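Here is my_file04.txt, consisting of compact mmCIF, C-alpha atoms:
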# COMPACT_ATOMS: atom_id res chain seq x y z
CA GLY A 10 117.62 91.73 87.41
CA VAL A 11 120.53 89.82 85.82
CA SER A 12 121.51 87.78 88.86
CA ILE A 13 118.30 87.53 90.93
CA GLY A 14 115.74 87.49 88.12
CA GLY A 15 117.80 85.72 85.46
CA ILE A 16 120.62 83.49 86.71
CA MET A 17 119.34 82.43 90.11
CA PRO A 18 115.87 81.07 89.09
CA ILE A 19 117.57 78.70 86.63
CA ILE A 20 120.83 77.72 88.34
CA VAL A 21 119.55 77.30 91.92
CA PRO A 22 116.85 74.70 91.07
CA LEU A 23 119.28 72.79 88.84
CA LEU A 24 121.97 72.76 91.53
CA ALA A 25 119.45 71.84 94.25
CA PHE A 26 118.21 68.89 92.19
CA LYS A 27 121.77 67.79 91.47
CA ARG A 28 122.85 67.93 95.12
CA PHE A 29 119.70 66.71 96.88
CA GLY A 30 118.08 64.58 94.18
CA GLY A 31 114.41 65.38 94.62
CA VAL A 32 111.75 67.68 93.22
CA GLY A 33 110.40 68.20 96.73
CA GLN A 34 113.72 69.60 97.90
CA VAL A 35 113.82 71.96 94.93
CA GLY A 36 110.34 73.22 95.82
CA LEU A 37 111.33 73.82 99.45
CA VAL A 38 114.46 75.69 98.42
CA MET A 39 112.57 78.02 96.10
CA ALA A 40 109.79 78.46 98.67
CA ALA A 41 112.40 79.57 101.22
CA PHE A 42 113.71 82.17 98.77
CA ASN A 43 110.23 83.58 98.13
CA LEU A 44 109.44 83.50 101.85
CA GLY A 45 112.18 86.06 102.35
CA TRP A 46 110.26 88.52 100.18
CA LEU A 47 107.60 88.81 102.88
CA LEU A 48 110.01 91.08 104.76
CA ALA A 49 110.08 93.65 101.93
CA PRO A 50 107.88 96.13 103.89
CA VAL A 51 110.39 96.06 106.76
CA TRP A 52 113.13 97.42 104.47
CA GLY A 53 110.89 100.29 103.40
CA HIS A 54 109.77 101.07 106.95
CA ILE A 55 113.31 101.23 108.33
CA ALA A 56 114.56 103.26 105.35
CA ASP A 57 111.79 105.86 105.70
CA ARG A 58 111.98 106.06 109.48
CA TYR A 59 115.75 106.55 109.73
CA SER A 60 116.53 107.96 106.24
CA LEU A 61 118.83 105.03 105.46
CA HIS A 62 117.76 104.31 101.87
CA ARG A 63 121.24 104.40 100.38
CA GLU A 64 122.89 102.51 103.22
CA LEU A 65 120.24 99.78 103.23
CA LEU A 66 120.42 99.44 99.44
CA VAL A 67 124.17 98.79 99.63
CA MET A 68 123.65 96.40 102.56
CA SER A 69 120.96 94.43 100.73
CA LEU A 70 123.18 94.05 97.66
CA LEU A 71 126.15 92.89 99.73
CA PHE A 72 123.89 90.50 101.65
CA THR A 73 122.49 89.03 98.44
CA ALA A 74 125.93 88.64 96.88
CA ALA A 75 127.22 86.85 99.99
CA THR A 76 124.33 84.38 99.98
CA LEU A 77 124.80 83.61 96.28
CA ALA A 78 128.49 82.92 96.81
CA ALA A 79 127.75 80.74 99.86
CA LEU A 80 125.15 78.73 97.94
CA GLY A 81 127.80 77.74 95.45
CA ARG A 82 129.76 75.95 98.19
CA ALA A 83 127.07 74.75 100.64
CA VAL A 84 126.20 71.04 100.52
CA ASN A 85 123.88 70.75 103.54
CA PHE A 86 120.14 70.95 102.77
CA GLU A 87 119.29 72.92 105.92
CA ALA A 88 122.05 75.40 105.06
CA TRP A 89 120.55 75.75 101.60
CA LEU A 90 117.14 76.57 103.06
CA GLY A 91 118.64 79.23 105.33
CA LEU A 92 120.76 80.74 102.58
CA ASN A 93 117.84 80.93 100.15
CA LEU A 94 115.71 82.57 102.83
CA ALA A 95 118.52 85.09 103.39
CA GLY A 96 118.84 85.62 99.64
CA GLY A 97 115.14 86.38 99.37
CA ILE A 98 115.39 88.90 102.20
CA GLY A 99 118.32 90.64 100.53
CA ALA A 100 116.74 90.66 97.08
CA SER A 101 113.47 92.06 98.42
CA GLY A 102 115.40 94.91 100.01
CA ALA A 103 117.19 95.81 96.79
CA ILE A 104 113.98 95.82 94.74
CA THR A 105 111.95 97.70 97.37
CA LEU A 106 114.57 100.39 97.91
CA SER A 107 115.17 100.96 94.21
CA THR A 108 111.47 101.80 93.84
CA LEU A 109 111.57 104.06 96.89
CA PHE A 110 114.31 106.15 95.30
CA ILE A 111 111.81 107.06 92.58
CA VAL A 112 108.95 107.76 94.97
CA GLU A 113 111.07 109.84 97.33
CA ASN A 114 112.95 111.87 94.71
CA HIS A 115 110.34 112.71 92.09
CA PRO A 116 106.87 114.28 92.08
CA ARG A 117 103.84 112.00 91.99
CA PRO A 118 102.91 112.66 88.32
CA GLU A 119 106.27 111.19 87.24
CA TRP A 120 106.02 107.99 89.28
CA SER A 121 104.20 105.84 86.73
CA GLU A 122 106.64 106.58 83.91
CA ARG A 123 109.76 106.22 86.03
CA ILE A 124 108.62 103.03 87.78
CA GLY A 125 107.66 101.64 84.36
CA ARG A 126 111.18 102.35 83.12
CA LEU A 127 112.62 100.66 86.19
CA GLN A 128 110.54 97.54 85.55
CA MET A 129 111.56 97.58 81.89
CA PHE A 130 115.20 97.77 82.94
CA ASN A 131 114.72 94.88 85.39
CA GLY A 132 112.95 92.85 82.70
CA GLY A 133 115.82 93.40 80.29
CA GLY A 134 118.23 92.31 82.99
CA GLN A 135 116.25 89.12 83.52
CA VAL A 136 116.46 88.27 79.82
CA VAL A 137 120.23 88.86 79.82
CA GLY A 138 120.56 86.82 83.01
CA MET A 139 118.66 83.86 81.59
CA LEU A 140 120.76 83.87 78.43
CA LEU A 141 123.87 84.03 80.61
CA ALA A 142 122.55 81.17 82.75
CA ALA A 143 122.12 79.06 79.60
CA LEU A 144 125.78 79.67 78.76
CA LEU A 145 126.96 79.06 82.31
CA SER A 146 124.96 75.84 82.73
CA SER A 147 127.64 73.95 80.79
CA MET A 148 130.21 74.79 83.46
CA SER A 149 130.12 74.22 87.20
CA LEU A 150 126.73 75.29 88.54
CA GLY A 151 128.39 76.48 91.72
CA GLY A 152 130.69 78.61 89.60
CA ALA A 153 127.66 80.11 87.89
CA LEU A 154 126.38 81.29 91.26
CA LEU A 155 129.76 82.90 91.93
CA VAL A 156 129.35 84.80 88.66
CA ALA A 157 125.90 85.93 89.83
CA ALA A 158 127.42 87.06 93.13
CA GLY A 159 130.05 89.07 91.25
CA ILE A 160 127.41 90.79 89.11
CA THR A 161 125.47 91.70 92.25
CA LEU A 162 128.62 93.15 93.81
CA LEU A 163 129.06 95.39 90.77
CA ALA A 164 125.69 96.97 91.56
CA VAL A 165 127.07 98.16 94.91
CA PHE A 166 129.13 100.90 93.23
CA PRO A 167 126.21 102.77 91.59
CA GLY A 168 124.21 102.07 94.76
CA ARG A 169 126.72 104.08 96.78
CA LEU A 170 126.18 107.04 94.46
CA ALA A 171 122.44 107.13 95.12
CA PRO A 172 121.23 110.44 96.66
CA LYS A 173 120.67 110.77 100.38
CA ILE A 174 116.95 110.84 101.18
CA MET A 175 115.31 112.49 104.18
CA ASN A 176 112.15 111.02 105.63
CA ALA A 177 108.91 112.40 104.22
CA LYS A 178 108.05 114.80 107.02
CA ARG A 179 111.48 116.43 107.29
CA ARG A 180 111.78 116.63 103.52
CA LEU A 181 108.46 118.44 103.08
CA GLU A 182 109.17 120.85 105.95
CA SER A 183 112.47 121.83 104.31
CA LEU A 184 110.91 122.69 100.93
CA PRO A 185 109.04 125.80 99.74
CA ILE A 186 105.34 125.19 100.09
CA LYS A 187 104.63 125.16 96.33
CA THR A 188 107.32 122.54 95.82
CA ALA A 189 106.02 120.46 98.73
CA MET A 190 102.50 120.55 97.32
CA ARG A 191 103.80 119.59 93.86
CA ILE A 192 105.64 116.55 95.23
CA THR A 193 102.57 115.34 97.14
CA GLY A 194 100.29 115.98 94.21
CA GLY A 195 98.39 118.22 96.61
CA GLN A 196 97.74 121.29 94.49
CA GLN A 197 94.08 120.38 94.50
CA ARG A 198 93.77 118.45 97.75
CA TYR A 199 95.77 120.89 99.88
CA ARG A 200 94.95 124.57 99.51
CA PRO A 201 96.93 126.93 101.74
CA ASN A 202 94.98 129.70 103.42
CA PRO A 203 95.59 132.89 101.38
CA LYS A 204 95.60 134.90 104.61
CA LEU A 205 98.73 133.08 105.75
CA SER A 206 101.19 135.31 103.95
CA SER A 207 103.73 135.69 106.73
CA MET A 208 106.62 133.32 107.35
CA LYS A 209 104.75 131.97 110.36
CA GLY A 210 101.70 131.39 108.25
CA GLU A 211 103.71 129.52 105.60
CA LYS A 212 105.28 127.35 108.26
CA GLU A 213 101.88 126.51 109.72
CA THR A 214 100.57 125.64 106.27
CA LYS A 215 103.49 123.30 105.57
CA MET A 216 102.97 121.67 108.97
CA LYS A 217 99.33 121.02 108.09
CA LEU A 218 100.33 119.65 104.71
CA THR A 219 102.94 117.40 106.29
CA SER A 220 100.56 116.08 108.94
CA LYS A 221 97.96 115.14 106.32
CA PHE A 222 100.39 113.66 103.81
CA GLN A 223 100.89 109.90 104.00
CA TRP A 224 104.15 108.89 102.28

Starting from the file, give its structure as structure tokens.
Amino acid sequence: GVSIGGIMPIIVPLLAFKRFGGVGQVGLVMAAFNLGWLLAPVWGHIADRYSLHRELLVMSLLFTAATLAALGRAVNFEAWLGLNLAGGIGASGAITLSTLFIVENHPRPEWSERIGRLQMFNGGGQVVGMLLAALLSSMSLGGALLVAAGITLLAVFPGRLAPKIMNAKRRLESLPIKTAMRITGGQQRYRPNPKLSSMKGEKETKMKLTSKFQW
């Protein structure tokens, strides 16, 4: 939130206007950044399919930090468009995956509260980032982007401590059936057959639950 939501939306347009001298160029640069967010579903799909949430989160943060640092030195307009597109792709991955850690690790009834807290935390980071951008605007704008890149790099360390997540099907099959039903919110939708009391019956019930559950 500090770098992507706070510093970048202020410093990048100012630096683009300073280097390229037109409002149209500023609009194209910011459009390229937001275009990268269209790939957000791809991050989630790959993470769920291959259980790479933690690895992709770290990769997206490193990718975003690299693009911010490169923007501070790039002077070619086409390079700026490409770097802002790349920055949008990286930022969308970080935001998407941070939400998935809540969805994948906590039962459905807790999602609203936890996602709300995440958004509150991001909003606070944006406020801090904008205040920091106001202070940094008096120095080199390129240097301000290097500061934003450094802040993004700091987020890599807690990102590496994030728990490993299995994909939805394997995770549900590995849990006791009551726990699996609690996570899916399926205590009312999914009712195991009371006759299935054996281990085989429980396995069949969890397989049915898994096949019906859409993560």

List every residue of stretch 109-168 of chain A that has an atom at most 12 Å from any atom of stretch 34-57 of chain A, giving for each one its closest atom pair and the distance in Å to one decimal, counting all atoms listed in the file, sorted by chain and then by ascending residue number, as a Markdown table.
| residue | atom | partner | partner_atom | distance |
| --- | --- | --- | --- | --- |
| A:Leu109 | CA | A:Gly53 | CA | 7.6 |
| A:Phe110 | CA | A:Ala56 | CA | 10.5 |
| A:Val112 | CA | A:Asp57 | CA | 11.3 |
| A:Glu113 | CA | A:Asp57 | CA | 9.3 |

For this session: Go ahead and compute the interatomic distance for atom CA of A:Met148 and atom CA of A:Arg28, in Å to one decimal.
Result: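 About the pair atom CA of A:Met148 and atom CA of A:Arg28: they are 15.4 Å apart.
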
Exercise. Using all atoms listed in the file, which residue out of A:Leu77, A:Ala83, A:Arg58, A:Leu65 lies closest to A:Ile104?
Worked result: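 That would be A:Leu65, the residue with the smallest distance to A:Ile104.
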
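Residues in contact with A:Gly15 at up to 9 Å, not including ones fewer than 6 positions away on its chain and judged by all atoms listed in the file, are A:Gly134, A:Gln135, A:Val136, A:Val137, A:Gly138, A:Met139, A:Leu140, A:Leu141, A:Ala142.
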
How would the residues just chosen look if you wrote them out with C-alpha atoms as a CSV table (one decimal), keeping the file's coordinate frame?
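Ended up saving to part10.csv:
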chain,number,residue,atom,x,y,z
A,134,GLY,CA,118.2,92.3,83.0
A,135,GLN,CA,116.2,89.1,83.5
A,136,VAL,CA,116.5,88.3,79.8
A,137,VAL,CA,120.2,88.9,79.8
A,138,GLY,CA,120.6,86.8,83.0
A,139,MET,CA,118.7,83.9,81.6
A,140,LEU,CA,120.8,83.9,78.4
A,141,LEU,CA,123.9,84.0,80.6
A,142,ALA,CA,122.6,81.2,82.8

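In terms of minimum interatomic distance to A:Ala100, A:Ser69 ranks closest within A:Asn131, A:Ser149, A:Ser69, A:Asn114, counting all atoms listed in the file.
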
Exercise. Suppose you want the space between atom CA of A:Arg82 and atom CA of A:Phe166; what is it in Å?
Worked result: 25.4 Å

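One distance worth recording is that between atom CA of A:Ser101 and atom CA of A:Val11, which is 14.6 Å.
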
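Closest approach to A:Ala88 from the set A:Phe130, A:Tyr59, A:Phe72, A:Ala25 is made by A:Ala25, with distances taken over all atoms listed in the file.
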
For this session: Would you please work out which residue, of A:Leu145, A:Gly14, A:Val165, A:Pro22, is nearest to A:Gly133 when using only C-alpha atoms?
Result: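 Checking each candidate against A:Gly133, we get A:Gly14 as the closest.
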
Exercise. Please, which residues are within 12 Å of (131.9, 76.2, 90.4) by the file's coordinates, counting all atoms listed in the file, and could they come as an NGL selection string?
Worked result: :A and (20 or 24 or 77-83 or 145-157)
